[in-house]
2 protein chains.
Amino acid sequence: MRVVVALGGNALLERGEVLSAENQRRNVRIAAAALAPLAAAHELVITHGNGPQVGLLALQDAACGDDVSYPLDVLDAETEGMIGYLIEQELQNLLPPERRCATLLTQVEVDPRDPAFVSPSKPIGPVYDEAEAREIADRRGWTIARDGKAFRRVVPSPRPRRILELGVIELLLAQQVIVICAGGGGIPVVRRDDARLVGVEAVIDKDFASALLARELEADAFLMLTDVDAVYADWGTPGARAIRRISIGAAREREFEAGSMAPKVEAACEFAAHAGGIAGIGRLADAAAILAGDAGTVITRDDDPIRWWG
Amino acid sequence: MRVVVALGGNALLERGEVLSAENQRRNVRIAAAALAPLAAAHELVITHGNGPQVGLLALQDAACGDDVSYPLDVLDAETEGMIGYLIEQELQNLLPPERRCATLLTQVEVDPRDPAFVSPSKPIGPVYDEAEAREIADRRGWTIARDGKAFRRVVPSPRPRRILELGVIELLLAQQVIVICAGGGGIPVVRRDDARLVGVEAVIDKDFASALLARELEADAFLMLTDVDAVYADWGTPGARAIRRISIGAAREREFEAGSMAPKVEAACEFAAHAGGIAGIGRLADAAAILAGDAGTVITRDDDPIRWWG
């Protein structure tokens, strides 16, 4: 079986933890232990978030003045290196030596006419007070938006259209290599009118990029792993209850939390609708149980019988 | 032919230039133009330095306090992401779409008993005055050494022993994928007594790591590209002259500049002695000409006839 697993930011750093190398390594070690059984039994692709990490790099970058300020595509590439390295190393430590891993820099093409470019909405980096926000918006040409009482930079979050390294990923999977890729949703690039690829100042939603990857790889299963055990119906009310299985049609009729579950459910629906595999959402520690149908929430095509794997 | 090319730091950033993303991209574009003809004709592996970049990340890191201070293995991984991305993108822009590139995170195993660990010698990161140097040495447990009038952190530079991703690199080359890897000499890791791999605070010489890679890949040629046109005999004297060809034996009898040419010549000798291919040192723009025997310095095994490629 071919399985694509997307590790949420909260699977790599517990809420409220300081973003130190030690904390990340400890969490990555837990993630690797949860994924090792999948790696032993399946073709495995691992993607991951990078929100806190790219925020930290942007903060460090800003602390050091404008002349070495790096655009988001470059910072994304840095986080793919940093996080990918930790995942690869900790996973290798749990696998037999003959099982190979590869961490691949991944560019994801977006449409320069994506509406996200005219209405940036994804907050990123440090918070500013109003005066700082005005000054930095003027100086760097950034879009700044109110975020609660503070202000933050907002950037476009366009839909992923094409994984540029897809052919290489397929080639590695076919040779039983575990592939770590598309970190942070991939490095956003656009193809200009002269056919050149260039990076853009944007971030791609990691779950949408992973769903596209899972779909193009014709994966049998696509798991989004986080620190919540399932998708809940009526979340935040006394009647909240975990959903175990839901069809695409039923999932799209419901409303889920905009910031967290809604994009995951939509990414799951996109994958299940096009690829026919099962899409699971749940807790990192339950990865194997979700695949077996014993934990998490599974979203499948309306007309498909569910196939479970142990 | 299988060719391994090591891009020197000066091929990625001109001496004295600010380390901005724009400057790096412009230099990488020039490098890509020099390498595109090789990519069209040969199996190609590209490695690169990361000295200025890892120095900048260490500086940014230090500017943001101790609680998020990252060790060198993680910073190395970040630079493999950043520089690898730029090289891959600019090279892809010059190649036909069917020619695939892959940028691979690369760990390089070193010996924990390497003498470099007891006498760190490689300067890295920002310069300090004496008081700052004392304070930071105490606080972080760093080794600080005098560097001219200032003080800098020094770290071990152990010899590379094994490229952990070698199998994946071979697999990609066999499928005609251009591989960008071992950036900055690779991420230094040691195998502990319990067999776990862990990163270490060290930097690996990029030319030695590239020579090991070229040797293990049984490359036909290994080129170290920089901003100097050749290795010079009697450099710094009125009688200085470019060496066009030299045997390993003759090269090892001479003395070259300790900081720059000496390690390159030694890396070339190591490769030529074990792999039997040609090792070339010269200017980035002359890459194809060095392979053809028309530029740079070529070091070969004493008993081998030189085979040139156009």
# chains A, B, ... in the order shown; residues from 1 in each chain; ligands from 1

call {"tool": "closest_atom_pairs", "arguments": {"of": "chain A", "to": "chain B", "cutoff": "9 Å", "atoms": "only C-alpha atoms", "output": "Markdown table"}}
result
| residue | atom | partner | partner_atom | distance |
| --- | --- | --- | --- | --- |
| A:Val18 | CA | B:Val68 | CA | 7.3 |
| A:Leu19 | CA | B:Val68 | CA | 6.1 |
| A:Ser20 | CA | B:Val68 | CA | 4.4 |
| A:Ala21 | CA | B:Tyr70 | CA | 5.7 |
| A:Glu22 | CA | B:Tyr70 | CA | 8.7 |
| A:Leu56 | CA | B:Val68 | CA | 9.0 |
| A:Leu57 | CA | B:Gln60 | CA | 8.6 |
| A:Leu59 | CA | B:Cys64 | CA | 8.4 |
| A:Gln60 | CA | B:Gln60 | CA | 5.4 |
| A:Asp61 | CA | B:Gln60 | CA | 6.6 |
| A:Ala63 | CA | B:Ala63 | CA | 7.0 |
| A:Cys64 | CA | B:Gln60 | CA | 6.3 |
| A:Asp67 | CA | B:Ser20 | CA | 6.4 |
| A:Val68 | CA | B:Ser20 | CA | 4.5 |
| A:Ser69 | CA | B:Ser20 | CA | 6.7 |
| A:Tyr70 | CA | B:Ala21 | CA | 5.7 |
| A:Pro71 | CA | B:Ala21 | CA | 7.4 |
| A:Asp73 | CA | B:Met82 | CA | 8.9 |
| A:Val74 | CA | B:Met82 | CA | 5.6 |
| A:Leu75 | CA | B:Met82 | CA | 7.2 |
| A:Asp76 | CA | B:Met82 | CA | 8.1 |
| A:Ala77 | CA | B:Gly81 | CA | 4.8 |
| A:Glu78 | CA | B:Glu78 | CA | 4.2 |
| A:Thr79 | CA | B:Glu78 | CA | 6.2 |
| A:Glu80 | CA | B:Gly81 | CA | 6.2 |
| A:Gly81 | CA | B:Gly81 | CA | 4.5 |
| A:Met82 | CA | B:Glu78 | CA | 4.9 |
| A:Ile83 | CA | B:Ala77 | CA | 8.4 |
| A:Gly84 | CA | B:Leu105 | CA | 7.8 |
| A:Tyr85 | CA | B:Ala77 | CA | 6.4 |
| A:Leu86 | CA | B:Val74 | CA | 8.0 |
| A:Gln89 | CA | B:Leu197 | CA | 6.9 |
| A:Glu90 | CA | B:Leu197 | CA | 8.0 |
| A:Gln92 | CA | B:Leu197 | CA | 8.2 |
| A:Asn93 | CA | B:Arg196 | CA | 5.6 |
| A:Leu94 | CA | B:Arg196 | CA | 8.6 |
| A:Arg100 | CA | B:Val168 | CA | 7.3 |
| A:Cys101 | CA | B:Glu165 | CA | 7.7 |
| A:Ala102 | CA | B:Leu104 | CA | 6.8 |
| A:Thr103 | CA | B:Leu105 | CA | 5.5 |
| A:Leu104 | CA | B:Leu104 | CA | 5.0 |
| A:Leu105 | CA | B:Thr103 | CA | 5.5 |
| A:Thr106 | CA | B:Thr103 | CA | 8.3 |
| A:Gln107 | CA | B:Tyr85 | CA | 8.3 |
| A:Glu165 | CA | B:Ala102 | CA | 7.2 |
| A:Gly167 | CA | B:Arg100 | CA | 7.8 |
| A:Val168 | CA | B:Ala102 | CA | 6.9 |
| A:Leu171 | CA | B:Leu172 | CA | 8.0 |
| A:Leu172 | CA | B:Leu172 | CA | 7.8 |
| A:Gln175 | CA | B:Leu171 | CA | 8.3 |
| A:Val177 | CA | B:Val168 | CA | 7.8 |
| A:Ile187 | CA | B:Tyr85 | CA | 8.7 |
| A:Ala195 | CA | B:Asn93 | CA | 7.9 |
| A:Arg196 | CA | B:Asn93 | CA | 5.6 |
| A:Leu197 | CA | B:Asn93 | CA | 6.4 |
| A:Val198 | CA | B:Gln89 | CA | 7.5 |
| A:Gly199 | CA | B:Gln89 | CA | 8.7 |

call {"tool": "select_by_dssp", "arguments": {"residues": "region 56-292 of chain A", "states": "helix (DSSP H, G or I)", "output": "PyMOL selection string"}}
result
chain A and resi 56-63+66-68+72-92+115-117+130-140+166-174+183-185+206-216+248-253+261-275+284-291

call {"tool": "residues_around", "arguments": {"residues": "Asp234 (chain B)", "least_positions_apart": "6", "cutoff": "10 Å", "atoms": "only C-alpha atoms", "output": "PDB file with all heavy atoms, in the first residue's frame"}}
result
ATOM      1  N   ALA B 240      55.106  33.238  -9.936  1.00  0.00           N
ATOM      2  CA  ALA B 240      53.873  32.439  -9.867  1.00  0.00           C
ATOM      3  C   ALA B 240      53.424  32.012 -11.258  1.00  0.00           C
ATOM      4  O   ALA B 240      53.437  32.801 -12.197  1.00  0.00           O
ATOM      5  CB  ALA B 240      52.770  33.254  -9.194  1.00  0.00           C
ATOM      6  N   ARG B 241      53.053  30.732 -11.394  1.00  0.00           N
ATOM      7  CA  ARG B 241      52.561  30.277 -12.703  1.00  0.00           C
ATOM      8  C   ARG B 241      51.501  29.195 -12.508  1.00  0.00           C
ATOM      9  O   ARG B 241      51.568  28.390 -11.577  1.00  0.00           O
ATOM     10  CB  ARG B 241      53.712  29.770 -13.571  1.00  0.00           C
ATOM     11  CG  ARG B 241      54.479  28.637 -12.939  1.00  0.00           C
ATOM     12  CD  ARG B 241      55.868  28.459 -13.524  1.00  0.00           C
ATOM     13  NE  ARG B 241      56.470  27.250 -12.913  1.00  0.00           N
ATOM     14  CZ  ARG B 241      57.013  27.225 -11.688  1.00  0.00           C
ATOM     15  NH1 ARG B 241      57.061  28.315 -10.952  1.00  0.00           N
ATOM     16  NH2 ARG B 241      57.500  26.100 -11.215  1.00  0.00           N
ATOM     17  N   ALA B 242      50.523  29.231 -13.396  1.00  0.00           N
ATOM     18  CA  ALA B 242      49.421  28.277 -13.319  1.00  0.00           C
ATOM     19  C   ALA B 242      49.926  26.878 -13.646  1.00  0.00           C
ATOM     20  O   ALA B 242      50.699  26.689 -14.589  1.00  0.00           O
ATOM     21  CB  ALA B 242      48.315  28.670 -14.290  1.00  0.00           C
ATOM     22  N   ARG B 254      54.515  19.409  -3.234  1.00  0.00           N
ATOM     23  CA  ARG B 254      54.518  20.871  -3.189  1.00  0.00           C
ATOM     24  C   ARG B 254      53.722  21.386  -1.991  1.00  0.00           C
ATOM     25  O   ARG B 254      52.906  20.668  -1.435  1.00  0.00           O
ATOM     26  CB  ARG B 254      53.837  21.434  -4.446  1.00  0.00           C
ATOM     27  CG  ARG B 254      54.685  21.295  -5.669  1.00  0.00           C
ATOM     28  CD  ARG B 254      53.999  21.951  -6.850  1.00  0.00           C
ATOM     29  NE  ARG B 254      54.908  21.983  -7.978  1.00  0.00           N
ATOM     30  CZ  ARG B 254      55.794  22.959  -8.174  1.00  0.00           C
ATOM     31  NH1 ARG B 254      55.861  23.981  -7.345  1.00  0.00           N
ATOM     32  NH2 ARG B 254      56.600  22.925  -9.213  1.00  0.00           N
ATOM     33  N   GLU B 255      53.966  22.661  -1.659  1.00  0.00           N
ATOM     34  CA  GLU B 255      53.135  23.285  -0.631  1.00  0.00           C
ATOM     35  C   GLU B 255      52.227  24.308  -1.290  1.00  0.00           C
ATOM     36  O   GLU B 255      52.670  25.109  -2.102  1.00  0.00           O
ATOM     37  CB  GLU B 255      54.017  23.975   0.417  1.00  0.00           C
ATOM     38  CG  GLU B 255      54.707  22.975   1.292  1.00  0.00           C
ATOM     39  CD  GLU B 255      54.977  23.516   2.694  1.00  0.00           C
ATOM     40  OE1 GLU B 255      54.705  24.705   2.941  1.00  0.00           O
ATOM     41  OE2 GLU B 255      55.456  22.726   3.523  1.00  0.00           O
ATOM     42  N   PHE B 256      50.947  24.268  -0.916  1.00  0.00           N
ATOM     43  CA  PHE B 256      49.989  25.251  -1.439  1.00  0.00           C
ATOM     44  C   PHE B 256      49.417  26.036  -0.278  1.00  0.00           C
ATOM     45  O   PHE B 256      49.600  25.666   0.888  1.00  0.00           O
ATOM     46  CB  PHE B 256      48.905  24.542  -2.246  1.00  0.00           C
ATOM     47  CG  PHE B 256      49.446  23.793  -3.431  1.00  0.00           C
ATOM     48  CD1 PHE B 256      49.657  22.415  -3.375  1.00  0.00           C
ATOM     49  CD2 PHE B 256      49.775  24.469  -4.602  1.00  0.00           C
ATOM     50  CE1 PHE B 256      50.171  21.731  -4.468  1.00  0.00           C
ATOM     51  CE2 PHE B 256      50.298  23.782  -5.697  1.00  0.00           C
ATOM     52  CZ  PHE B 256      50.488  22.409  -5.629  1.00  0.00           C
ATOM     53  N   GLU B 257      48.696  27.122  -0.599  1.00  0.00           N
ATOM     54  CA  GLU B 257      48.146  27.978   0.477  1.00  0.00           C
ATOM     55  C   GLU B 257      47.264  27.159   1.407  1.00  0.00           C
ATOM     56  O   GLU B 257      46.302  26.529   0.984  1.00  0.00           O
ATOM     57  CB  GLU B 257      47.282  29.085  -0.119  1.00  0.00           C
ATOM     58  CG  GLU B 257      47.974  29.976  -1.103  1.00  0.00           C
ATOM     59  CD  GLU B 257      46.931  30.454  -2.113  1.00  0.00           C
ATOM     60  OE1 GLU B 257      46.260  31.445  -1.798  1.00  0.00           O
ATOM     61  OE2 GLU B 257      46.786  29.824  -3.177  1.00  0.00           O
TER      62      GLU B 257
END

call {"tool": "atom_distance", "arguments": {"atom1": "CA of Cys269 (chain B)", "atom2": "CA of Ile246 (chain B)"}}
result
10.0 Å

call {"tool": "atom_distance", "arguments": {"atom1": "CA of Phe271 (chain B)", "atom2": "CA of Ala214 (chain B)"}}
result
6.9 Å

call {"tool": "select_by_dssp", "arguments": {"residues": "region 87-303 of chain B", "states": "strand (DSSP E or B)", "output": "PyMOL selection string"}}
result
chain B and resi 101-104+107-110+122-128+143-147+150-155+160-163+178-180+187-191+197-199+221-226+231-233+241-243+245-247+278-283+297-300

call {"tool": "atom_distance", "arguments": {"atom1": "CA of Asn50 (chain A)", "atom2": "CA of Gly184 (chain A)"}}
result
4.5 Å

call {"tool": "closest_residue", "arguments": {"among": "A:Leu72, A:Val190, A:Val203, A:Ala268", "to": "Ser121 (chain A)", "atoms": "only C-alpha atoms"}}
result
A:Val203

call {"tool": "closest_residue", "arguments": {"among": "B:Leu7, B:Val231, B:Val200, B:Val118", "to": "Gly282 (chain B)", "atoms": "only C-alpha atoms"}}
result
B:Val231
